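One structure is given below, encoded as structure tokens.
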Amino acid sequence: MKSGSKKKIHFSKIYSFKCGKSAPKDEDQSQIGGPGFSRVVYCNEPDCLDASFRQYATNYVSSTKYTAATFLPKSLFEQFRRVANFYFLVTGVLSFTSLAPYSAVSAIIPLIIVIGATMVKEGIEDWHRNQQDIEMNNRKVKVHQGDGSFKQTVWKDLKVGDVVKVEKDQFFPADLVLLSSSYEDAVCYVETMNLDGETNLKLKQSLEATASLNDLRNFRAIVKCEDPNANLYSFVGTMDFQEQQYSLSPQQLLLRDSKLRNTDHIYGAVIFTGHDTKVIQNSTNPPSKRSKIEKKMDRIIYFLFGLLFLMAFIGSVYFGIKTKDDLEGRHKRWYLKPQNADVFFDPNRAPIAAVYHFLTALLLYSYLIPISLYVSIEIVKVLQSVFINRDVHMYYEEADRPAHARTSNLNEELGQVHTILSDKTGTLTCNSMEFIKCSVAGTAYGYGFTEVEKAMAKRNGSPLIVKGKGGEQPFDSPKRSSVKGFNFFDERMTNGNWTHEKHSDIIQKFFRLLAVCHTAIPDVDENTGKVTYEAESPDESAFVIAARELGFEFFKRTQTTVSINELDPVSGKRVERTYKLLNVLEFNSTRKRMSVIVRDEEGKLLLLCKGADSVMFERLAKNGRYFEEETIEHVNEYADAGLRTLILAYRELSENEYRAFDEKFTEAKNSISADRETLIDDVTEEVEKDLILLGATAVEDKLQQGVPECIDKLAQAGIKLWVLTGDKMETAINIGYACSLLRQGMKQITIILESPEIKSLEKDGEKNAIAKASKQSVLRQITEGKAQVANSNNSEAFALIIDGKSLTYALADDIKDLFLELAISCASVICCRSSPKQKALVTRLVKEGTKKTTLAIGDGANDVGMLQEADIGIGISGVEGMQAVMSSDIAIAQFRFLERLLLVHGHWCYRRISTMICYFFYKNITFGFTVFLYEAYASFSGQPAYNDWFLSLYNVFFTSLPVIALGVFDQDVSARFCLKFPLLYQEGVQNMLFSWRRIIGWMLNGVISAVIIFFLCTTALSPQAFNKDGKIAEYQILGATMYTCVVWVVNCQMALAISYFTLIQHVVIWGGIALWYLFLLAYGAMPPSLSTTAYKVFVESLAPNPMFYLVTLFVVVSALVPYFVYDAIQMRFFPMYHGMIQWIRYEGRGEDPEFCRMVRQRSIKTTTVGFTARSLARTNPLEDR
């Protein structure tokens, strides 16, 4: 290793087992060759006869959605899966028949533009993916040629069995088994950022048998292993080499797309290639999420289809009746020449004529359906995401991380969040641990106070008291330690003073355990001699730093030893001690502990263990519980102070006991089966017992900056917050107080399984009886909690707190609905000791049970299930890697940014998308109903009111840009007022802006506008003379005038609906109107064969006539009056939330603190959490509002 360089490793993936031991000859290898374990690889012989029979995937990879051959058909299929697009395709095909009331070209062009725009977008995205594939497939790596030489070969030509040489900073071209490296002990450092997002390095090690392999000419081996799968952290297989069989583990597996770091080179054998590699197996798309508004929009489209078919049906029935009336001698519609008609107007075939008319009407009324709606919304959402990504107020300068919307599908969903489900560690807290206190041999050490303790003292109005040698005295905050991860102050321990303590021998063992029982890697700076550590877990780093600062410096690690410098209490000098590392029994969420087995310099075998109190106390020996009561008391105090605790214990092993364990352990880890981990856990259970208690550690994880303020604002916005954490109940409760999720006086409903009956059953070990009693206990506690809440009549605030054991039963199918009802009625919910699976199940329960929008936020791999299960997943880009971010919909750097993301961007996006969709339907109904009314006016003869190209370009050019501008720029309330009055957010939670009432209201507005436009235009223009020559307004003049009025009305309606004008909106609204006049001029100047009814209609008929301008002005004003009157009455007498705030701003009362406080209090109820509600509850008991 080079000094001073940063080398991180993965906590639980190194030194897990003794490496490279050959499997026992009599071991059952029956899994190999069976289902799931059928892969056989001939290393260094990729072209041998046996290998040629096995048709494994090539190393060519493709991440593209399309190929040159499939792009057109597959992309078209994707587009026409949408019912609206398919409908327009059908109408486009029918437009080539004589049924069409307009030309085929005018019907097809808009469809081509809309579909083409989307296909071009998809094509560009896929082309970028193709370029990346080409670059990756043509990377080069050195491949062994069989004679000891290496040849540069492109990745795509690699075969299973090839031996490759990968050099420093190169990516691995396939999944490889590590054979040897440039290091003597055949280790290498790997960066897996492309796989799991983690930037920390992981240590890999080859088998001992191949560790010295440099000359590859005679190397031959057969690897038998599991079939390709997506599990990044498991690998089961064996290697037959030199007539010995060796077990392979994930420690020997180098995954494609990870990078070699801090190692000159490695040799590896190709095991999985191309789409068989684990990274490609993992490249599935995350769960597809669609917003509730988008789903509702589909239902509106179906409603409009129903309306369209109804209109066509009514018109066709009427047409059929009237056509039948046109029998010989009774030609009421003589101008249709029914006597010469073949089908369409033939009175003798009226039913068939009605059917044909129905098809014609479907084509004619198709303008009710907004053809450009989907593509417009896609454009708007992408632009909204750009604004979220570039919001400087959500940029975390310290880590150089802006917000990142990884999908734009859910923008409007951000404005409708009802419940937030949050992780605690790393999400509400910093996940930057500081060693602050410890309990050794029943004595508590450490004078520091946590943020939680300070908050508790402030809440209780009592001073902080320090218990030290001089008795109790007020706390005087000492100067903070300059060492990151260490904030411990106690003169009894520091500067070697621990040697004078009564139990100095136990203190020595305590800190030795901290210095030895871990997987951290030391990095010694050769210039300064300073030791720094690289560990995945912040807790782990804090422990080795604490041991170093208190005299037990871990400074060297090899594959088999751990070396520390420690203070010898006898001589008073620092001595170097080396421990032979025999086994590491790694930590996982099931075991909740970690152990190492070492041999000290005196030859003693020691098992050193640290873990959660819930699993450690039960493993203590009868003679190892001397300080148990005192330690439990201290652990509870630490939990009350919001600290994370671990119990430390050890035991000595006899040679026979260790030998027996090692044989079983080796057998378990060499087993070739999918349940190898379970077998290993069973073996470790047998040795991790009869422990001797040493003490407990306590580390602080501070709250992130701005968390209490953010929770307070979210609570005022009416959003409920659930905390799902793996911490102890006491720790979670006190963090809840510190961040104002809980407040004094709030009644707590605690659901735990601590009854004497259950404890006695647990001692007996009868699993069925325990499960039955536990389930009944949880059900009883939930029922009692519901009764308690019901009796309060919503006049009191309740908090529900439940632990992981109880949660297991609360989530059972027959209890979960009762649990959800209780939880919803509480102001706060805290689930403690929750497993990752439980987090996901709780999230699903809330989502499916409430039918409301749920948001999950977390920062670690254990939060991934929760993020994917929620409607919206927010990943915190913290210190636990990037797994949560990679599985999220939106990534932010700090919890406090959630306030602006929801209250500002969420509200804006929800309002914009809702108004945009409503306006889309309004403008299309306005236009479509004028077509319907004109056809009714023309006796349902299939005559369109407008020129073909007028019909086609309405949605595409004259009315499309203003609605996009609204979706991107409109603001009903500024960001400052959104944050100042969080109650505004309830518009989205209650879906006030996209309710059926509001949607139908906009549609009725469209119908009213259409009726006014049609009847005023037809009345004003007929039958009197239209110009000075005495000519009346003919069909083309009426159509152009009506169309002009429609363009003016829908664009002016947009101007009335907008709350925040920008230059862009002025340009697109008035520019859309101007574009219509320019188009009318240009199109009318074309030859009559092209412009048809629009030929010089503006220049010769409309422009010279004042009547045209008067009619336009009068009709536009008349059509806008109903909406204007309704809006004015609502704004003045029945304002919505945003209307109230607009009035406050208009009247200049936005800066009046007393008035603003009064308005804000409207959002605070007796059940509201947050420090504002807590303050009000203390000074002025809240009444239910």
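By order of appearance in the structure tokens: chains A, B, ..., then residues from 1 within every chain, and ligands from 1 in the order shown.
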Item to check | Non-local contacts of Glu633 of chain A (10 Å; only C-alpha atoms; under 6 positions in same chain excluded) as an NGL selection string | outcome: :A and (439 or 442 or 444 or 639)
Checklist entry - DSSP on the backbone: what in segment 799-1010 of chain A comes out strand (DSSP E or B), as a PyMOL selection string? => result chain A and resi 799-802+828-831+853-858+872-876+890-892
Checklist entry - Counting only C-alpha atoms, what is within 8 Å of Asn229 of chain A, bar same-chain residues fewer than 5 positions away, as a list of chain:residue names? => result A:Asp276, A:Thr277, A:Lys278, A:Gln281
Write out the residues from the selection above, keeping N, CA and C atoms, as a PDB file, in the first residue's frame.
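So again-v5.pdb came out as:
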ATOM      1  N   ASP A 276     -24.649 -13.091 -18.966  1.00  0.00           N
ATOM      2  CA  ASP A 276     -24.618 -13.995 -17.810  1.00  0.00           C
ATOM      3  C   ASP A 276     -23.955 -13.354 -16.600  1.00  0.00           C
ATOM      4  N   THR A 277     -23.248 -12.237 -16.792  1.00  0.00           N
ATOM      5  CA  THR A 277     -22.544 -11.606 -15.678  1.00  0.00           C
ATOM      6  C   THR A 277     -23.543 -11.032 -14.677  1.00  0.00           C
ATOM      7  N   LYS A 278     -23.108 -10.902 -13.450  1.00  0.00           N
ATOM      8  CA  LYS A 278     -24.017 -10.475 -12.386  1.00  0.00           C
ATOM      9  C   LYS A 278     -24.483  -9.035 -12.567  1.00  0.00           C
ATOM     10  N   GLN A 281     -27.186  -9.180 -15.118  1.00  0.00           N
ATOM     11  CA  GLN A 281     -28.345  -9.844 -14.509  1.00  0.00           C
ATOM     12  C   GLN A 281     -29.102  -8.894 -13.591  1.00  0.00           C
TER      13      GLN A 281
END
Item to check | Long-range neighbours of Val699 of chain A as number ranges by chain, 10 Å cut-off, only C-alpha atoms, 4 positions minimum in chain | outcome: A: 432-438, 450, 485-488, 538-539, 542-543, 638, 642-646
Item to check | Separation of atom CA of Ile564 of chain A from atom CA of Arg577 of chain A in Å | outcome: 5.5 Å
Item to check | Nearby residues (only C-alpha atoms) at most 9 Å from Ala117 of chain A, same-chain spacing under 5 positions excluded, as number ranges by chain | outcome: A: 112, 122, 375
Could you write those residues out with N, CA and C atoms, as a PDB file, in the first residue's frame?
ATOM      1  N   ILE A 112     -48.300  12.034 -37.362  1.00  0.00           N
ATOM      2  CA  ILE A 112     -46.884  11.795 -37.661  1.00  0.00           C
ATOM      3  C   ILE A 112     -45.997  12.707 -36.824  1.00  0.00           C
ATOM      4  N   GLU A 122     -36.970   8.808 -28.297  1.00  0.00           N
ATOM      5  CA  GLU A 122     -36.562   7.463 -27.909  1.00  0.00           C
ATOM      6  C   GLU A 122     -35.372   6.987 -28.732  1.00  0.00           C
ATOM      7  N   VAL A 375     -47.471  13.839 -25.217  1.00  0.00           N
ATOM      8  CA  VAL A 375     -46.139  14.344 -25.531  1.00  0.00           C
ATOM      9  C   VAL A 375     -45.889  15.677 -24.837  1.00  0.00           C
TER      10      VAL A 375
END
Determine which residues of segment 554-632 of chain A DSSP labels as helix (DSSP H, G or I) from the backbone of this structure, then write them out as a short mmCIF file (atom, residue, chain, number, x, y, z; two decimals) with C-alpha atoms, in the first residue's frame.
data_model
loop_
_atom_site.label_atom_id
_atom_site.label_comp_id
_atom_site.auth_asym_id
_atom_site.auth_seq_id
_atom_site.Cartn_x
_atom_site.Cartn_y
_atom_site.Cartn_z
CA ASP A 613 -27.94 -6.18 23.73
CA SER A 614 -30.96 -8.14 22.47
CA VAL A 615 -28.69 -11.04 21.44
CA MET A 616 -25.64 -10.62 23.70
CA PHE A 617 -27.03 -10.86 27.24
CA GLU A 618 -28.63 -14.22 26.52
CA ARG A 619 -25.23 -15.59 25.44
CA LYS A 622 -23.33 -17.86 34.43
CA ASN A 623 -19.91 -16.74 35.70
CA GLY A 624 -19.75 -13.94 33.12
CA GLU A 628 -24.86 -7.40 34.08
CA GLU A 629 -27.32 -5.33 36.15
CA GLU A 630 -25.12 -2.23 36.17
CA THR A 631 -24.39 -2.60 32.43
CA ILE A 632 -28.10 -2.96 31.59
#
